[in-house]
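Inspection log for the structure reproduced underneath, given as C-alpha cells.
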Amino acid sequence: MMRRFAPALAVLTMLTVARAAAGADAGVDAGGVPFTYDPPGKLVPGSGKGRDDSKVYVPGIRFPMESGPAYANSQVWGHGGGSGPKNSSQCDKENFSYPWHDNYCESRSWDMPLCPSGTGHQGQDIRAATCEKDVHWVVAASDGKVTNVGSYSVYITRDDGTRFDYLHMSNVAVKEGDEVTRGQRIGKVSNQFGGSATTVHLHFNIKQNVAGVGMVFVPTYMTLIESYDDLLNPKPPVVDAGPPPVTTTEPTPPPPPKDRPTEEPTPEAPPAAAESGCASAPASASSGAFALVVGAMVVGAIRRRRAAR
Ligand SMILES: [Zn+2]
C-alpha cells in the first residue's frame with residue numbers, strides 16, 4: 001500500500017509545485033500580454049459580496065473557449081452593462097483586458113447556498129478575444145452528454161454528474177442527447193437571451209453535488225483560471241505513473257538444492273574473504289574479527305530466512 005502511495009504522492013507534489021510556479025508566472029496570451037487575475041471573491045465594488053474560495057472545483061477541464069485571449073469579468077457591472085459606467089460601450093477595451101474579475105455571487109435573486117448572502121450570480125461571465133458576436137467558438141469543457149438545449153442555454157452533464165452550462169451562444173452545434181468530447185465545438189459566443197439580447201459573452205456555470213449541501217452551482221473562477229493557464233501554456237501530457245515498476249519486490253526464489261545447509265561452511269570456518277566486498281585489503285586482527293561477526297550474522301540471517309519459508 002505504501003509503495004503505491006509514495007510515487008503517487010511524489011507526482012502530486014510535483015504537479016502542485018508546477019501549478020504554483022505557473023500561478024506565480026501565469027504566462028502570456030497569444031498577443032504576448034501577461035495573464036493576470038484578481039483574487040477569487042473580489043467583485044466589482046457595489047455588485048455584492050463574493051466568495052473567497054481558491055478551490056479548483058473541477059480540475060483539468062478544457063477552457064470553454066476554443067482559443068484565447070478571453071476575459072472573465074462582469075457583464076452587468078462592466079462597460080456597456082446594465083449597472084456599468086454610464087454611456088459606456090460593451091466593446092470598451094476595459095472589457096477585453098486583464099486582470100480577470102470573479103463575478104460568482106454577484107447580486108442576483110437566484111438561490112445560491114454557497115454565496116455569502118445566500119443568493120447571487122450562478123457562474124462566471126467570460127468575453128472572447130474580441131467584441132464580435134457569432135465568431136468565437138465555445139467548446140465543451142469536458143466529455144459528457146447534452147442534457148438540455150434551451151433558447152439560450154446548453155447543458156452538458158458528464159458521467160460523474162457534474163453539469164456544465166453554456167449560455168447566450170449562437171450557432172449551437174449540438175442537440176439534446178448528443179455525446180460530446182472535451183474540446184468539441186458546441187456553439188459561438190453571442191448575445192442570445194431567449195428573444196432579447198444581453199452583451200456578447202459566454203456565461204459559464206458548473207453544477208456539482210457538494211457534500212452536505214446538494215446539487216449546487218459551485219465557484220468556477222479558479223477552475224477557469226487553471227484551464228486558461230493550460231490553454232496559454234500547454235503542458236506536456238502527464239504520463240500516467242501507473243503501478244510502480246516491478247524491480248526488487250519479487251520474493252527471492254528458494255535457493256537451488258545444492259545450497260542446502262549440509263554444504264555450507266562449518267561455523268568454525270571464517271567467511272570467504274572473496275564474498276566480503278573488501279577482499280583485497282589485508283585483514284587486520286580487528287577487521288578479521290569484525291568480518292567474523294558480520295559473517296556469522298549473515299549466515300544466521302540466511303538460516304533464519306530459510307527456516308521461515
Ligand atoms: Zn452571467
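How things are named: the first chain in the C-alpha cells is A, the next is B, and so on; residues count from 1 in each chain; ligands count from 1 in the order shown.
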Report as a list in words all protein, DNA and RNA residues lying within 10 Å of Thr119 of chain A, evaluated on only C-alpha atoms, omitting residues in the same chain fewer than 2 positions from it.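 Everything that qualifies: Gly48, Lys49, Cys105, Glu106, Ser107, Arg108, Ser109, Trp110, Asp111, Met112, Pro113, Leu114, Cys115, Pro116, Ser117, His121 and Gln122 of chain A.
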So that I have them on file, write out the residues from the current selection with N, CA and C atoms, as a PDB file, in the first residue's frame.
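Output saved as out_34.pdb:
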```pdb
ATOM      1  N   GLY A  48     -22.197  43.386  -4.854  1.00  0.00           N
ATOM      2  CA  GLY A  48     -22.495  42.247  -3.982  1.00  0.00           C
ATOM      3  C   GLY A  48     -21.254  41.727  -3.296  1.00  0.00           C
ATOM      4  N   LYS A  49     -21.450  40.644  -2.552  1.00  0.00           N
ATOM      5  CA  LYS A  49     -20.329  40.065  -1.812  1.00  0.00           C
ATOM      6  C   LYS A  49     -19.937  38.735  -2.440  1.00  0.00           C
ATOM      7  N   CYS A 105     -21.568  34.972  -7.447  1.00  0.00           N
ATOM      8  CA  CYS A 105     -22.260  35.549  -6.271  1.00  0.00           C
ATOM      9  C   CYS A 105     -22.605  37.029  -6.421  1.00  0.00           C
ATOM     10  N   GLU A 106     -22.243  37.622  -7.566  1.00  0.00           N
ATOM     11  CA  GLU A 106     -22.659  38.995  -7.834  1.00  0.00           C
ATOM     12  C   GLU A 106     -24.186  39.109  -7.606  1.00  0.00           C
ATOM     13  N   SER A 107     -24.639  40.280  -7.240  1.00  0.00           N
ATOM     14  CA  SER A 107     -26.049  40.465  -6.853  1.00  0.00           C
ATOM     15  C   SER A 107     -27.051  39.952  -7.897  1.00  0.00           C
ATOM     16  N   ARG A 108     -27.813  38.958  -7.495  1.00  0.00           N
ATOM     17  CA  ARG A 108     -28.928  38.402  -8.272  1.00  0.00           C
ATOM     18  C   ARG A 108     -29.900  37.818  -7.259  1.00  0.00           C
ATOM     19  N   SER A 109     -31.052  37.363  -7.758  1.00  0.00           N
ATOM     20  CA  SER A 109     -32.046  36.809  -6.837  1.00  0.00           C
ATOM     21  C   SER A 109     -32.016  35.280  -6.784  1.00  0.00           C
ATOM     22  N   TRP A 110     -31.141  34.647  -7.570  1.00  0.00           N
ATOM     23  CA  TRP A 110     -31.085  33.177  -7.559  1.00  0.00           C
ATOM     24  C   TRP A 110     -30.659  32.664  -6.191  1.00  0.00           C
ATOM     25  N   ASP A 111     -31.280  31.587  -5.753  1.00  0.00           N
ATOM     26  CA  ASP A 111     -30.826  30.927  -4.523  1.00  0.00           C
ATOM     27  C   ASP A 111     -29.448  30.323  -4.764  1.00  0.00           C
ATOM     28  N   MET A 112     -28.525  30.709  -3.917  1.00  0.00           N
ATOM     29  CA  MET A 112     -27.147  30.244  -4.068  1.00  0.00           C
ATOM     30  C   MET A 112     -26.567  29.930  -2.692  1.00  0.00           C
ATOM     31  N   PRO A 113     -26.713  28.669  -2.257  1.00  0.00           N
ATOM     32  CA  PRO A 113     -26.293  28.308  -0.895  1.00  0.00           C
ATOM     33  C   PRO A 113     -24.819  28.607  -0.597  1.00  0.00           C
ATOM     34  N   LEU A 114     -23.961  28.605  -1.612  1.00  0.00           N
ATOM     35  CA  LEU A 114     -22.534  28.828  -1.345  1.00  0.00           C
ATOM     36  C   LEU A 114     -22.154  30.311  -1.355  1.00  0.00           C
ATOM     37  N   CYS A 115     -23.101  31.169  -1.652  1.00  0.00           N
ATOM     38  CA  CYS A 115     -22.792  32.606  -1.650  1.00  0.00           C
ATOM     39  C   CYS A 115     -22.994  33.198  -0.254  1.00  0.00           C
ATOM     40  N   PRO A 116     -22.181  34.174   0.117  1.00  0.00           N
ATOM     41  CA  PRO A 116     -22.294  34.770   1.463  1.00  0.00           C
ATOM     42  C   PRO A 116     -23.702  35.267   1.775  1.00  0.00           C
ATOM     43  N   SER A 117     -24.404  35.798   0.772  1.00  0.00           N
ATOM     44  CA  SER A 117     -25.739  36.344   1.032  1.00  0.00           C
ATOM     45  C   SER A 117     -26.839  35.307   0.825  1.00  0.00           C
ATOM     46  N   HIS A 121     -25.250  35.519  -8.496  1.00  0.00           N
ATOM     47  CA  HIS A 121     -24.945  35.097  -9.869  1.00  0.00           C
ATOM     48  C   HIS A 121     -24.375  33.687  -9.807  1.00  0.00           C
ATOM     49  N   GLN A 122     -24.841  32.846 -10.727  1.00  0.00           N
ATOM     50  CA  GLN A 122     -24.548  31.421 -10.588  1.00  0.00           C
ATOM     51  C   GLN A 122     -23.203  30.979 -11.141  1.00  0.00           C
TER      52      GLN A 122
END
```
Would you mind listing what lies within 8 Å of segment 227-234 of chain A as a PDB file with C-alpha atoms, in the first residue's frame, with only C-alpha atoms counted and same-chain residues fewer than 5 positions away left out?
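The resulting file, part23.pdb, is shown below:
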```
ATOM      1  CA  ALA A  22       2.525  28.598 -13.187  1.00  0.00           C
ATOM      2  CA  ALA A  26       0.910  32.689 -15.370  1.00  0.00           C
ATOM      3  CA  GLY A  27       2.336  33.149 -18.821  1.00  0.00           C
ATOM      4  CA  VAL A  28       1.322  35.361 -21.696  1.00  0.00           C
ATOM      5  CA  ASP A  29      -1.531  35.128 -24.155  1.00  0.00           C
ATOM      6  CA  ALA A  30      -1.313  34.976 -27.942  1.00  0.00           C
ATOM      7  CA  PRO A  59      -9.512  20.215 -12.089  1.00  0.00           C
ATOM      8  CA  GLY A  60      -8.373  19.545 -15.601  1.00  0.00           C
ATOM      9  CA  ILE A  61     -11.244  20.904 -17.662  1.00  0.00           C
ATOM     10  CA  ARG A  62     -10.735  22.364 -21.115  1.00  0.00           C
ATOM     11  CA  PHE A  63     -11.104  26.139 -21.106  1.00  0.00           C
ATOM     12  CA  SER A  67      -8.833  29.993 -28.332  1.00  0.00           C
ATOM     13  CA  GLY A  68      -7.622  32.892 -26.291  1.00  0.00           C
TER      14      GLY A  68
END
```
Which residue, A:Ser74, A:Thr162, A:Thr223, A:Ser170, has the smallest gap to ligand 1 when you use only C-alpha atoms and all ligand atoms?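 Closest candidate: A:Ser74.
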Would you list the contacts of Tyr152 of chain A as a list of chain:residue names, taking every protein, DNA or RNA residue within 12 Å and counting only C-alpha atoms, but skipping same-chain residues closer than 4 positions in sequence?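 So, after excluding close chain neighbours, the residues are A:Asn148, A:Asp165, A:Tyr166, A:Leu167, A:His168, A:Met169, A:Ser170, A:Asn171, A:Val172, A:Gly187, A:Lys188, A:Val189, A:Ser190, A:Asn191, A:Gln192, A:Phe193, A:Gly194, A:Gly195, A:Ser196, A:Ala197, A:Thr198, A:His201, A:Leu202, A:His203.
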Preceding selection exported with N, CA and C atoms as a short mmCIF file (atom, residue, chain, number, x, y, z; two decimals), in the first residue's frame:
```
data_model
loop_
_atom_site.label_atom_id
_atom_site.label_comp_id
_atom_site.auth_asym_id
_atom_site.auth_seq_id
_atom_site.Cartn_x
_atom_site.Cartn_y
_atom_site.Cartn_z
N ASN A 148 -29.61 19.28 -22.04
CA ASN A 148 -30.64 20.28 -22.30
C ASN A 148 -30.13 21.29 -23.32
N ASP A 165 -22.84 24.46 -17.85
CA ASP A 165 -23.85 25.24 -18.57
C ASP A 165 -23.16 26.33 -19.39
N TYR A 166 -23.63 26.46 -20.63
CA TYR A 166 -23.07 27.45 -21.55
C TYR A 166 -24.25 28.30 -22.03
N LEU A 167 -24.22 29.59 -21.74
CA LEU A 167 -25.36 30.44 -22.06
C LEU A 167 -25.02 31.51 -23.09
N HIS A 168 -26.04 31.91 -23.80
CA HIS A 168 -26.02 33.05 -24.73
C HIS A 168 -25.33 32.76 -26.06
N MET A 169 -25.16 31.48 -26.42
CA MET A 169 -24.47 31.15 -27.68
C MET A 169 -25.41 31.26 -28.89
N SER A 170 -24.78 31.46 -30.05
CA SER A 170 -25.46 31.29 -31.33
C SER A 170 -24.83 30.07 -32.00
N ASN A 171 -25.32 29.73 -33.20
CA ASN A 171 -24.72 28.62 -33.95
C ASN A 171 -24.55 27.36 -33.10
N VAL A 172 -25.54 27.07 -32.28
CA VAL A 172 -25.44 25.90 -31.39
C VAL A 172 -25.28 24.65 -32.25
N GLY A 187 -20.94 25.79 -29.96
CA GLY A 187 -21.67 27.00 -30.35
C GLY A 187 -20.70 28.17 -30.39
N LYS A 188 -21.24 29.36 -30.70
CA LYS A 188 -20.37 30.55 -30.77
C LYS A 188 -20.80 31.59 -29.74
N VAL A 189 -19.82 32.30 -29.25
CA VAL A 189 -20.08 33.36 -28.27
C VAL A 189 -20.99 34.41 -28.92
N SER A 190 -22.09 34.69 -28.23
CA SER A 190 -23.05 35.63 -28.80
C SER A 190 -23.78 36.37 -27.67
N ASN A 191 -24.96 36.88 -27.99
CA ASN A 191 -25.72 37.67 -27.00
C ASN A 191 -27.15 37.17 -26.87
N GLN A 192 -27.38 35.89 -27.21
CA GLN A 192 -28.72 35.31 -27.17
C GLN A 192 -29.25 35.30 -25.74
N PHE A 193 -30.53 35.71 -25.62
CA PHE A 193 -31.11 35.73 -24.28
C PHE A 193 -32.61 35.43 -24.37
N GLY A 194 -32.93 34.41 -25.16
CA GLY A 194 -34.32 33.99 -25.27
C GLY A 194 -35.22 35.02 -25.93
N GLY A 195 -34.74 35.62 -26.99
CA GLY A 195 -35.55 36.60 -27.70
C GLY A 195 -35.03 38.01 -27.52
N SER A 196 -34.61 38.34 -26.29
CA SER A 196 -33.98 39.64 -26.10
C SER A 196 -32.46 39.45 -26.25
N ALA A 197 -31.73 40.48 -25.93
CA ALA A 197 -30.28 40.37 -26.09
C ALA A 197 -29.57 40.77 -24.81
N THR A 198 -28.44 40.16 -24.58
CA THR A 198 -27.56 40.58 -23.49
C THR A 198 -26.27 41.08 -24.16
N HIS A 201 -21.16 37.67 -24.65
CA HIS A 201 -20.30 36.97 -23.69
C HIS A 201 -20.80 35.55 -23.51
N LEU A 202 -19.96 34.74 -22.93
CA LEU A 202 -20.36 33.39 -22.51
C LEU A 202 -20.58 33.42 -21.01
N HIS A 203 -21.74 32.97 -20.59
CA HIS A 203 -21.96 32.75 -19.16
C HIS A 203 -21.73 31.26 -18.92
#
```
Quick check for you: according to DSSP on this backbone, which residues of segment 86-217 of chain A are classed as strand (DSSP E)? Reply as a ChimeraX atom specification. /A:124-127,137-139,144-149,153-157,163-167,169-170,179-180,185-193,196-210,214-217
Take the residues from that selection and write them out as a PDB file, in the first residue's frame, keeping C-alpha atoms.
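What follows is the written file out-v8.pdb:
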```
ATOM      1  CA  GLN A 124     -18.810  33.381 -14.470  1.00  0.00           C
ATOM      2  CA  ASP A 125     -19.179  35.766 -17.403  1.00  0.00           C
ATOM      3  CA  ILE A 126     -16.409  35.471 -19.975  1.00  0.00           C
ATOM      4  CA  ARG A 127     -15.786  37.637 -23.002  1.00  0.00           C
ATOM      5  CA  TRP A 137     -16.169  29.096 -30.780  1.00  0.00           C
ATOM      6  CA  VAL A 138     -17.244  27.758 -27.425  1.00  0.00           C
ATOM      7  CA  VAL A 139     -16.023  24.239 -26.756  1.00  0.00           C
ATOM      8  CA  GLY A 144     -20.361  14.446 -21.482  1.00  0.00           C
ATOM      9  CA  LYS A 145     -23.895  14.222 -22.722  1.00  0.00           C
ATOM     10  CA  VAL A 146     -26.011  17.161 -23.830  1.00  0.00           C
ATOM     11  CA  THR A 147     -28.836  17.113 -21.285  1.00  0.00           C
ATOM     12  CA  ASN A 148     -30.641  20.276 -22.304  1.00  0.00           C
ATOM     13  CA  VAL A 149     -30.716  22.772 -25.144  1.00  0.00           C
ATOM     14  CA  SER A 153     -28.533  27.627 -22.906  1.00  0.00           C
ATOM     15  CA  VAL A 154     -26.798  24.285 -23.394  1.00  0.00           C
ATOM     16  CA  TYR A 155     -26.227  21.902 -20.509  1.00  0.00           C
ATOM     17  CA  ILE A 156     -23.647  19.147 -20.750  1.00  0.00           C
ATOM     18  CA  THR A 157     -23.515  16.576 -17.982  1.00  0.00           C
ATOM     19  CA  ARG A 163     -23.026  19.705 -15.168  1.00  0.00           C
ATOM     20  CA  PHE A 164     -21.547  22.477 -17.295  1.00  0.00           C
ATOM     21  CA  ASP A 165     -23.847  25.243 -18.572  1.00  0.00           C
ATOM     22  CA  TYR A 166     -23.073  27.449 -21.550  1.00  0.00           C
ATOM     23  CA  LEU A 167     -25.360  30.440 -22.055  1.00  0.00           C
ATOM     24  CA  MET A 169     -24.473  31.147 -27.680  1.00  0.00           C
ATOM     25  CA  SER A 170     -25.463  31.293 -31.334  1.00  0.00           C
ATOM     26  CA  GLU A 179     -22.403  12.692 -26.602  1.00  0.00           C
ATOM     27  CA  VAL A 180     -19.674  15.304 -26.833  1.00  0.00           C
ATOM     28  CA  ARG A 185     -17.258  22.903 -30.678  1.00  0.00           C
ATOM     29  CA  ILE A 186     -20.738  23.451 -29.268  1.00  0.00           C
ATOM     30  CA  GLY A 187     -21.667  26.998 -30.355  1.00  0.00           C
ATOM     31  CA  LYS A 188     -20.374  30.546 -30.768  1.00  0.00           C
ATOM     32  CA  VAL A 189     -20.082  33.360 -28.274  1.00  0.00           C
ATOM     33  CA  SER A 190     -23.054  35.635 -28.799  1.00  0.00           C
ATOM     34  CA  ASN A 191     -25.715  37.667 -27.003  1.00  0.00           C
ATOM     35  CA  GLN A 192     -28.716  35.307 -27.170  1.00  0.00           C
ATOM     36  CA  PHE A 193     -31.113  35.732 -24.275  1.00  0.00           C
ATOM     37  CA  SER A 196     -33.976  39.644 -26.101  1.00  0.00           C
ATOM     38  CA  ALA A 197     -30.279  40.365 -26.091  1.00  0.00           C
ATOM     39  CA  THR A 198     -27.562  40.577 -23.492  1.00  0.00           C
ATOM     40  CA  THR A 199     -23.974  41.683 -24.020  1.00  0.00           C
ATOM     41  CA  VAL A 200     -21.755  39.467 -26.137  1.00  0.00           C
ATOM     42  CA  HIS A 201     -20.303  36.972 -23.686  1.00  0.00           C
ATOM     43  CA  LEU A 202     -20.357  33.394 -22.514  1.00  0.00           C
ATOM     44  CA  HIS A 203     -21.960  32.752 -19.161  1.00  0.00           C
ATOM     45  CA  PHE A 204     -20.454  29.554 -17.742  1.00  0.00           C
ATOM     46  CA  ASN A 205     -21.777  27.536 -14.789  1.00  0.00           C
ATOM     47  CA  ILE A 206     -20.602  24.412 -13.033  1.00  0.00           C
ATOM     48  CA  LYS A 207     -23.153  22.487 -11.013  1.00  0.00           C
ATOM     49  CA  GLN A 208     -21.956  19.800  -8.660  1.00  0.00           C
ATOM     50  CA  ASN A 209     -23.069  17.721  -5.742  1.00  0.00           C
ATOM     51  CA  VAL A 210     -21.459  19.279  -2.676  1.00  0.00           C
ATOM     52  CA  GLY A 214     -26.628  19.024  -2.512  1.00  0.00           C
ATOM     53  CA  MET A 215     -26.516  19.850  -6.225  1.00  0.00           C
ATOM     54  CA  VAL A 216     -25.481  23.482  -6.373  1.00  0.00           C
ATOM     55  CA  PHE A 217     -23.691  25.932  -8.605  1.00  0.00           C
TER      56      PHE A 217
END
```
Among the residues A:Asp134, A:Asp159, A:Asp178, A:Asp102, the one that comes closest to ligand 1 [using only C-alpha atoms and all ligand atoms]: A:Asp102
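Distance-wise, atom CA of Tyr98 of chain A and atom CA of Gly31 of chain A end up 12.2 Å apart.
DSSP, applied to the backbone of this structure, assigns alpha helix (DSSP H) to the following residues of segment 153-228 of chain A: Tyr221, Met222, Thr223, Leu224, Ile225, Glu226, Ser227 and Tyr228 of chain A.
Our summary of the geometry notes that atom CA of Ala128 of chain A is positioned 15.3 Å from atom CA of Gly80 of chain A.
Between atom CA of Trp77 of chain A and atom CA of Asp38 of chain A the interatomic distance comes to 15.5 Å.
Using only C-alpha atoms and all ligand atoms for every distance, the candidate list A:Pro69, A:Gly161, A:Gly78, A:Pro243 yields A:Gly78 as the residue closest to ligand 1.
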Counting only C-alpha atoms and all ligand atoms, the option among A:Pro236, A:Gly120, A:Gly177, A:Gly150 closest to ligand 1: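 Of A:Pro236, A:Gly120, A:Gly177, A:Gly150, the one nearest ligand 1 is A:Gly120, counting only C-alpha atoms and all ligand atoms.
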